[in-house]
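Chemist: Supplied structure: query07.txt, compact mmCIF, C-alpha atoms and all ligand atoms.
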# COMPACT_ATOMS: atom_id res chain seq x y z
CA MET Q 26 5.00 28.42 12.17
CA THR Q 27 2.34 25.99 11.00
CA ASP Q 28 1.59 23.30 13.54
CA PRO Q 29 3.09 20.19 11.88
CA ILE Q 30 0.34 17.95 13.23
CA SER Q 31 -2.54 19.90 11.72
CA LEU Q 32 -0.76 20.60 8.47
CA PRO Q 33 -3.51 21.15 5.91
CA GLN Q 34 -3.73 18.44 3.32
CA ARG Q 35 -1.98 19.46 0.13
CA ASP Q 36 -4.29 19.51 -2.82
CA PRO Q 37 -3.08 16.53 -4.92
CA ASP Q 38 -3.67 18.63 -8.06
CA GLU Q 39 -0.91 20.93 -6.83
CA VAL Q 40 1.55 18.12 -6.12
CA PRO Q 41 3.85 17.85 -9.14
CA ALA Q 42 4.12 14.50 -10.88
CA PHE Q 43 6.80 12.20 -9.47
CA ASP Q 44 10.09 13.29 -11.09
CA HIS Q 45 11.97 10.04 -11.78
CA ALA Q 46 15.00 11.77 -13.31
CA ARG Q 47 15.38 14.03 -10.31
CA ALA Q 48 14.96 11.17 -7.85
CA GLU Q 49 17.57 9.09 -9.71
CA ALA Q 50 20.02 12.01 -9.70
CA ALA Q 51 19.46 12.47 -5.96
CA VAL Q 52 20.13 8.79 -5.24
CA ARG Q 53 23.28 8.92 -7.34
CA GLU Q 54 24.40 11.94 -5.28
CA LEU Q 55 23.62 10.15 -2.03
CA LEU Q 56 25.71 7.16 -3.12
CA LEU Q 57 28.57 9.52 -3.90
CA ALA Q 58 28.08 11.29 -0.56
CA ILE Q 59 28.50 8.06 1.38
CA GLY Q 60 31.66 7.25 -0.54
CA GLU Q 61 30.19 4.63 -2.85
CA ASP Q 62 30.73 4.30 -6.57
CA PRO Q 63 27.33 4.54 -8.32
CA GLY Q 64 28.97 3.15 -11.48
CA ARG Q 65 30.06 -0.15 -9.96
CA GLU Q 66 28.26 -3.34 -10.81
CA GLY Q 67 25.50 -3.88 -8.32
CA LEU Q 68 24.79 -0.17 -7.88
CA HIS Q 69 24.45 0.67 -11.53
CA GLU Q 70 20.67 0.15 -11.62
CA THR Q 71 20.12 1.27 -8.04
CA PRO Q 72 19.15 4.93 -8.66
CA ALA Q 73 16.41 3.86 -11.08
CA ARG Q 74 15.19 1.15 -8.70
CA VAL Q 75 15.13 3.49 -5.73
CA ALA Q 76 13.26 6.11 -7.75
CA ARG Q 77 10.61 3.52 -8.66
CA ALA Q 78 10.36 2.44 -5.03
CA TRP Q 79 9.89 6.03 -3.86
CA ALA Q 80 7.23 6.64 -6.48
CA GLU Q 81 5.33 3.71 -4.97
CA LEU Q 82 5.98 4.70 -1.36
CA THR Q 83 4.60 8.21 -1.92
CA THR Q 84 1.47 7.45 -3.95
CA GLY Q 85 -0.65 8.93 -1.16
CA LEU Q 86 0.62 12.43 -1.99
CA ARG Q 87 -1.39 12.28 -5.17
CA GLN Q 88 -4.59 10.83 -3.73
CA THR Q 89 -7.49 12.27 -1.82
CA PRO Q 90 -9.74 10.43 0.63
CA GLU Q 91 -12.56 10.97 -1.85
CA ASP Q 92 -10.63 8.81 -4.35
CA VAL Q 93 -11.02 5.77 -2.10
CA LEU Q 94 -14.18 6.39 -0.09
CA THR Q 95 -16.21 6.11 -3.25
CA THR Q 96 -18.38 3.13 -2.50
CA THR Q 97 -21.01 3.91 0.06
CA PHE Q 98 -24.13 1.92 0.75
CA ASP Q 99 -27.24 2.51 2.76
CA LEU Q 100 -27.52 -0.80 4.61
CA GLY Q 101 -29.53 0.59 7.47
CA HIS Q 102 -26.80 -0.61 9.84
CA ASP Q 103 -26.27 2.18 12.31
CA GLU Q 104 -24.05 0.50 14.89
CA MET Q 105 -20.30 0.36 15.25
CA VAL Q 106 -18.18 -0.97 12.39
CA LEU Q 107 -14.53 -1.57 13.23
CA VAL Q 108 -11.67 -3.00 11.18
CA ARG Q 109 -8.72 -3.72 13.35
CA ASP Q 110 -5.11 -4.76 12.66
CA ILE Q 111 -4.87 -3.05 9.29
CA GLU Q 112 -1.25 -3.48 8.26
CA LEU Q 113 0.50 -0.16 8.02
CA TRP Q 114 3.73 0.99 6.38
CA SER Q 115 4.53 4.66 6.39
CA MET Q 116 7.64 6.83 6.34
CA CYS Q 117 8.83 9.09 9.13
CA GLU Q 118 9.24 12.57 7.73
CA HIS Q 119 12.15 13.30 10.04
CA HIS Q 120 14.48 10.54 8.89
CA LEU Q 121 12.75 9.14 5.80
CA VAL Q 122 12.84 5.61 7.18
CA PRO Q 123 9.76 3.44 7.67
CA PHE Q 124 7.44 3.16 10.59
CA THR Q 125 5.26 0.09 10.59
CA GLY Q 126 2.49 -1.43 12.62
CA VAL Q 127 -1.28 -1.62 12.58
CA ALA Q 128 -4.20 0.75 12.39
CA HIS Q 129 -7.61 0.13 13.94
CA VAL Q 130 -10.37 2.15 12.30
CA GLY Q 131 -13.97 2.24 13.45
CA TYR Q 132 -17.03 4.39 13.06
CA ILE Q 133 -20.65 4.62 14.07
CA PRO Q 134 -22.65 5.30 10.90
CA ALA Q 135 -25.07 8.17 10.60
CA ALA Q 136 -28.65 7.35 11.57
CA SER Q 137 -29.33 7.05 7.83
CA GLY Q 138 -26.92 4.10 7.87
CA LYS Q 139 -24.46 5.48 5.30
CA ILE Q 140 -21.53 3.07 5.36
CA THR Q 141 -18.53 2.34 3.18
CA GLY Q 142 -16.85 -0.85 1.97
CA LEU Q 143 -14.56 -2.40 4.58
CA SER Q 144 -11.55 -2.41 2.27
CA LYS Q 145 -12.02 1.32 1.81
CA LEU Q 146 -11.04 1.90 5.44
CA ALA Q 147 -7.72 0.18 4.75
CA ARG Q 148 -7.30 2.13 1.51
CA LEU Q 149 -7.95 5.34 3.41
CA VAL Q 150 -5.14 4.49 5.84
CA ASP Q 151 -2.80 4.06 2.85
CA VAL Q 152 -3.78 7.41 1.31
CA TYR Q 153 -2.29 9.09 4.37
CA ALA Q 154 0.43 6.52 5.11
CA LYS Q 155 2.06 6.55 1.68
CA ARG Q 156 3.74 9.88 2.09
CA PRO Q 157 6.28 11.42 4.50
CA GLN Q 158 4.40 11.46 7.80
CA VAL Q 159 4.35 11.68 11.56
CA GLN Q 160 2.18 9.16 13.33
CA GLU Q 161 0.03 11.76 15.09
CA ARG Q 162 -0.90 13.50 11.84
CA LEU Q 163 -1.61 10.20 10.10
CA THR Q 164 -4.03 9.28 12.91
CA THR Q 165 -5.78 12.65 12.83
CA GLN Q 166 -6.08 12.78 9.06
CA VAL Q 167 -7.72 9.35 8.82
CA ALA Q 168 -10.23 10.28 11.53
CA ASP Q 169 -11.05 13.69 10.04
CA ALA Q 170 -11.44 12.35 6.49
CA LEU Q 171 -13.93 9.72 7.70
CA MET Q 172 -15.91 12.33 9.63
CA GLU Q 173 -16.04 14.66 6.66
CA ILE Q 174 -16.96 12.17 3.97
CA LEU Q 175 -19.16 9.59 5.71
CA GLU Q 176 -20.63 12.05 8.22
CA PRO Q 177 -20.87 9.29 10.82
CA ARG Q 178 -21.88 9.85 14.43
CA GLY Q 179 -18.44 8.90 15.66
CA VAL Q 180 -14.99 7.75 14.59
CA ILE Q 181 -12.09 6.03 16.34
CA VAL Q 182 -8.61 5.59 14.90
CA VAL Q 183 -5.87 3.91 16.92
CA ILE Q 184 -2.44 3.35 15.43
CA GLU Q 185 0.29 1.23 17.00
CA ALA Q 186 3.63 1.43 15.26
CA GLU Q 187 7.33 0.86 15.58
CA HIS Q 188 9.57 3.56 14.16
CA LEU Q 189 12.72 2.25 12.54
CA CYS Q 190 14.38 5.58 13.28
CA MET Q 191 14.18 4.55 16.94
CA THR Q 192 15.25 0.98 16.24
CA MET Q 193 17.99 0.88 13.63
CA ARG Q 194 19.68 4.16 14.61
CA GLY Q 195 19.61 6.92 17.22
CA VAL Q 196 18.20 5.76 20.53
CA ARG Q 197 18.09 2.10 19.31
CA LYS Q 198 15.15 0.82 21.31
CA ALA Q 199 13.84 -2.14 19.36
CA GLY Q 200 10.29 -3.14 20.25
CA ALA Q 201 9.18 0.27 21.53
CA ARG Q 202 5.71 0.86 20.11
CA THR Q 203 4.05 4.24 19.78
CA ILE Q 204 0.28 4.34 20.21
CA THR Q 205 -1.77 7.28 18.96
CA SER Q 206 -5.52 7.69 18.91
CA ALA Q 207 -8.13 10.06 17.57
CA MET Q 208 -11.77 9.95 18.66
CA ARG Q 209 -14.50 12.01 17.14
CA GLY Q 210 -18.18 12.56 17.90
CA MET Q 211 -19.88 9.81 19.91
CA MET Q 212 -16.59 7.91 20.24
CA ARG Q 213 -15.61 10.50 22.81
CA GLU Q 214 -18.39 9.31 25.11
CA PRO Q 215 -16.91 7.02 27.79
CA ALA Q 216 -19.19 3.99 27.20
CA THR Q 217 -18.78 4.04 23.41
CA ARG Q 218 -15.06 4.61 23.66
CA ALA Q 219 -14.74 1.72 26.14
CA GLU Q 220 -16.68 -0.60 23.80
CA ALA Q 221 -14.46 0.32 20.84
CA LEU Q 222 -11.25 -0.09 22.82
CA ALA Q 223 -12.45 -3.44 24.15
CA LEU Q 224 -13.09 -4.63 20.57
CA ILE Q 225 -9.65 -3.42 19.51
CA HIS Q 226 -7.87 -5.16 22.36
CA GLN Q 227 -9.97 -8.33 22.45
CA ARG Q 228 -7.79 -11.27 21.40
CA PRO Q 229 -8.95 -14.79 20.70
N1 LIG Q 301 6.06 12.89 17.59
C1 LIG Q 301 6.67 12.17 16.65
N2 LIG Q 301 8.00 12.13 16.64
C2 LIG Q 301 8.59 11.38 15.69
C3 LIG Q 301 7.87 10.62 14.75
N3 LIG Q 301 8.77 9.97 13.97
C4 LIG Q 301 9.99 10.31 14.43
N4 LIG Q 301 9.89 11.17 15.47
C5 LIG Q 301 10.90 11.82 16.30
O1 LIG Q 301 11.39 12.97 15.69
C6 LIG Q 301 12.47 13.41 16.51
C7 LIG Q 301 13.48 14.18 15.70
O2 LIG Q 301 14.39 14.66 16.64
P1 LIG Q 301 15.74 15.44 16.29
O3 LIG Q 301 16.44 15.72 17.58
O4 LIG Q 301 15.43 16.59 15.39
O5 LIG Q 301 16.51 14.36 15.40
P2 LIG Q 301 17.63 13.30 15.81
O6 LIG Q 301 18.85 14.01 16.30
O7 LIG Q 301 17.81 12.40 14.65
O8 LIG Q 301 16.93 12.56 17.03
P3 LIG Q 301 17.13 11.07 17.60
O9 LIG Q 301 16.17 10.17 16.86
O10 LIG Q 301 16.76 11.19 19.06
O11 LIG Q 301 18.55 10.70 17.37
C8 LIG Q 301 13.00 12.15 17.17
O12 LIG Q 301 12.76 12.27 18.56
C9 LIG Q 301 12.14 11.04 16.58
O13 LIG Q 301 11.91 9.98 17.48
C10 LIG Q 301 6.46 10.68 14.80
O14 LIG Q 301 5.74 10.06 14.00
N5 LIG Q 301 5.91 11.46 15.77
ZN ZN Q 302 12.26 9.21 12.28
Mind turning this structure into structure tokens?
Ligand SMILES: Nc1nc2c(ncn2[C@@H]2O[C@H](COP(=O)(O)OP(=O)(O)OP(=O)(O)O)[C@@H](O)[C@H]2O)c(=O)[nH]1
Ligand SMILES: [Zn+2]
Modeler:
Amino acid sequence: MTDPISLPQRDPDEVPAFDHARAEAAVRELLLAIGEDPGREGLHETPARVARAWAELTTGLRQTPEDVLTTTFDLGHDEMVLVRDIELWSMCEHHLVPFTGVAHVGYIPAASGKITGLSKLARLVDVYAKRPQVQERLTTQVADALMEILEPRGVIVVIEAEHLCMTMRGVRKAGARTITSAMRGMMREPATRAEALALIHQRP
């Protein structure tokens, strides 16, 4: 069985276009399954609305990291760059309900100083968040994409999130936060890792 964490990224060219008609039919079926009447006022437009919402929530399936890490500059800055508290909304692939929190993404540019726009780090998080996910894979994929495309000397990705499948159902433990991290290259060295973690946890 393929390890679900290191699932290879699906080539977006092989992901079929979002099928609105199919999604609408599925939502209609779900409404019937729960004993609702999809024809009643109030639910009449719901299958179409839900299909549109799912199209938006899964845009990442049809994107590659290269689509967003387009802008790179050579600023000659070769020290740590870290964007913390990037808002995150993803969807747990086990229950198809959201998990939400923040991502902290940092890297140490290559000696050449190849860096990317700050917003691109947040866009990269969304490429992997806007699809059915598990938090561990999301964390790993963001780190590996940065390493591959920017070829930096190190990368750190820390994600802190609350899973609604643990809050609104099941074990019902509101407030429990899951923290995952991925360090690559120089970020695995104790001093560099400690500096990055201090920056992530530093609060005014
Ligand atoms: N490791 C990991 N587990 C997750 C993530 N999102 C949800 N899960 C877990 O996936 C597991 C699925 O367990 P199952 O026993 O198959 O499903 P379930 O009966 O609905 O489990 P409960 O949530 O415990 O009621 C649960 O323990 C979830 O908490 C994630 O991002 N990472
Ligand atoms: Zn879940």
Chemist: Using all atoms listed in the file, which protein or nucleic acid residues are at most 8 Å from ligand ZN 302 (chain Q), as a list in words?
Modeler: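 Selection of residues at most 8 Å from ligand ZN 302 (chain Q): Met116, Cys117, Glu118, His119, His120, Leu121, Val122, Pro123, Phe124, His188, Leu189, Cys190 and Met191 of chain Q.
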Chemist: Write out as a PyMOL selection string the residues lying within 10 Å of Asp92 in chain Q, counting all atoms listed in the file and excluding same-chain residues fewer than 5 positions away.
Modeler: chain Q and resi 87+145+148-149+152
Chemist: Report the distance between CA of Met208 in chain Q and CA of Val180 in chain Q in Å, rounded to one decimal place.
Modeler: 5.6 Å
Chemist: Considering all atoms listed in the file, can you say which of Q:Glu214, Q:Glu187, Q:Asp38, Q:Asp44 comes closest to ligand LIG 301 (chain Q)?
Modeler: Q:Glu187
Chemist: Please write out, as JSON, where the centre of an axis-aligned box around all listed atoms of ligand LIG 301 (chain Q) lies and how long its edges are, in Å to one decimal, after adding 8 Å on each side.
Modeler:
{"center_x": 12.3, "center_y": 13.3, "center_z": 16.5, "size_x": 29.1, "size_y": 22.6, "size_z": 21.1}
Chemist: So the first atom is CA of Thr203 in chain Q and the second is CA of Ala78 in chain Q; what is the distance between them in Å, to one decimal place?
Modeler: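 These atoms are spaced 25.7 Å apart.
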Chemist: In file coordinates, which residues lie within 8 Å of (-3.8, -3.8, 12.7) using only C-alpha atoms, given as a list of chain:residue names?
Modeler: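 Checking each residue against the 8 Å limit leaves Q:Arg109, Q:Asp110, Q:Ile111, Q:Glu112, Q:Leu113, Q:Gly126, Q:Val127, Q:Ala128, Q:His129, Q:Ile184, Q:Glu185.
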Chemist: From the list Q:Arg53, Q:Arg74, Q:Arg65, Q:Lys139, which residue is nearest Thr97 in chain Q when using only C-alpha atoms?
Modeler: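 Of the candidates, the smallest distance to Thr97 in chain Q is held by Q:Lys139.
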Chemist: Would you please work out which residue, of Q:Gly195, Q:Pro215, Q:Pro229, Q:Gly142, is nearest to ligand LIG 301 (chain Q) when using all atoms listed in the file?
Modeler: Q:Gly195
Chemist: Taking (-18.7, 7.6, 21.7) in the file's own coordinates, collect the residues within 12 Å, counting all atoms listed in the file, and hand them back as a VMD selection string.
Modeler: chain Q and resid 104 to 105 131 to 134 177 to 181 207 to 222
Chemist: Please measure the separation of CA of His226 in chain Q and CA of Val167 in chain Q, giving the value in Å to one decimal.
Modeler: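 Between CA of His226 in chain Q and CA of Val167 in chain Q the gap is 19.8 Å.
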Chemist: From the list Q:Ala58, Q:Val108, Q:Val150, Q:Ala46, which residue is nearest Thr89 in chain Q when using all atoms listed in the file?
Modeler: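 Using all atoms listed in the file, Thr89 in chain Q sits closest to Q:Val150.
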Chemist: Tell me which of Q:Gln88, Q:Thr141, Q:Thr164, Q:Thr71 sits closest to ligand LIG 301 (chain Q), counting only C-alpha atoms and all ligand atoms.
Modeler: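 So, comparing all the options, the nearest one is Q:Thr164.
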Chemist: Closest to ligand LIG 301 (chain Q) among Q:Gln160, Q:Gln227, Q:Ser206, Q:Gln166, using only C-alpha atoms and all ligand atoms?
Modeler: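 Looking at the shortest contact to ligand LIG 301 (chain Q), the residue is Q:Gln160.
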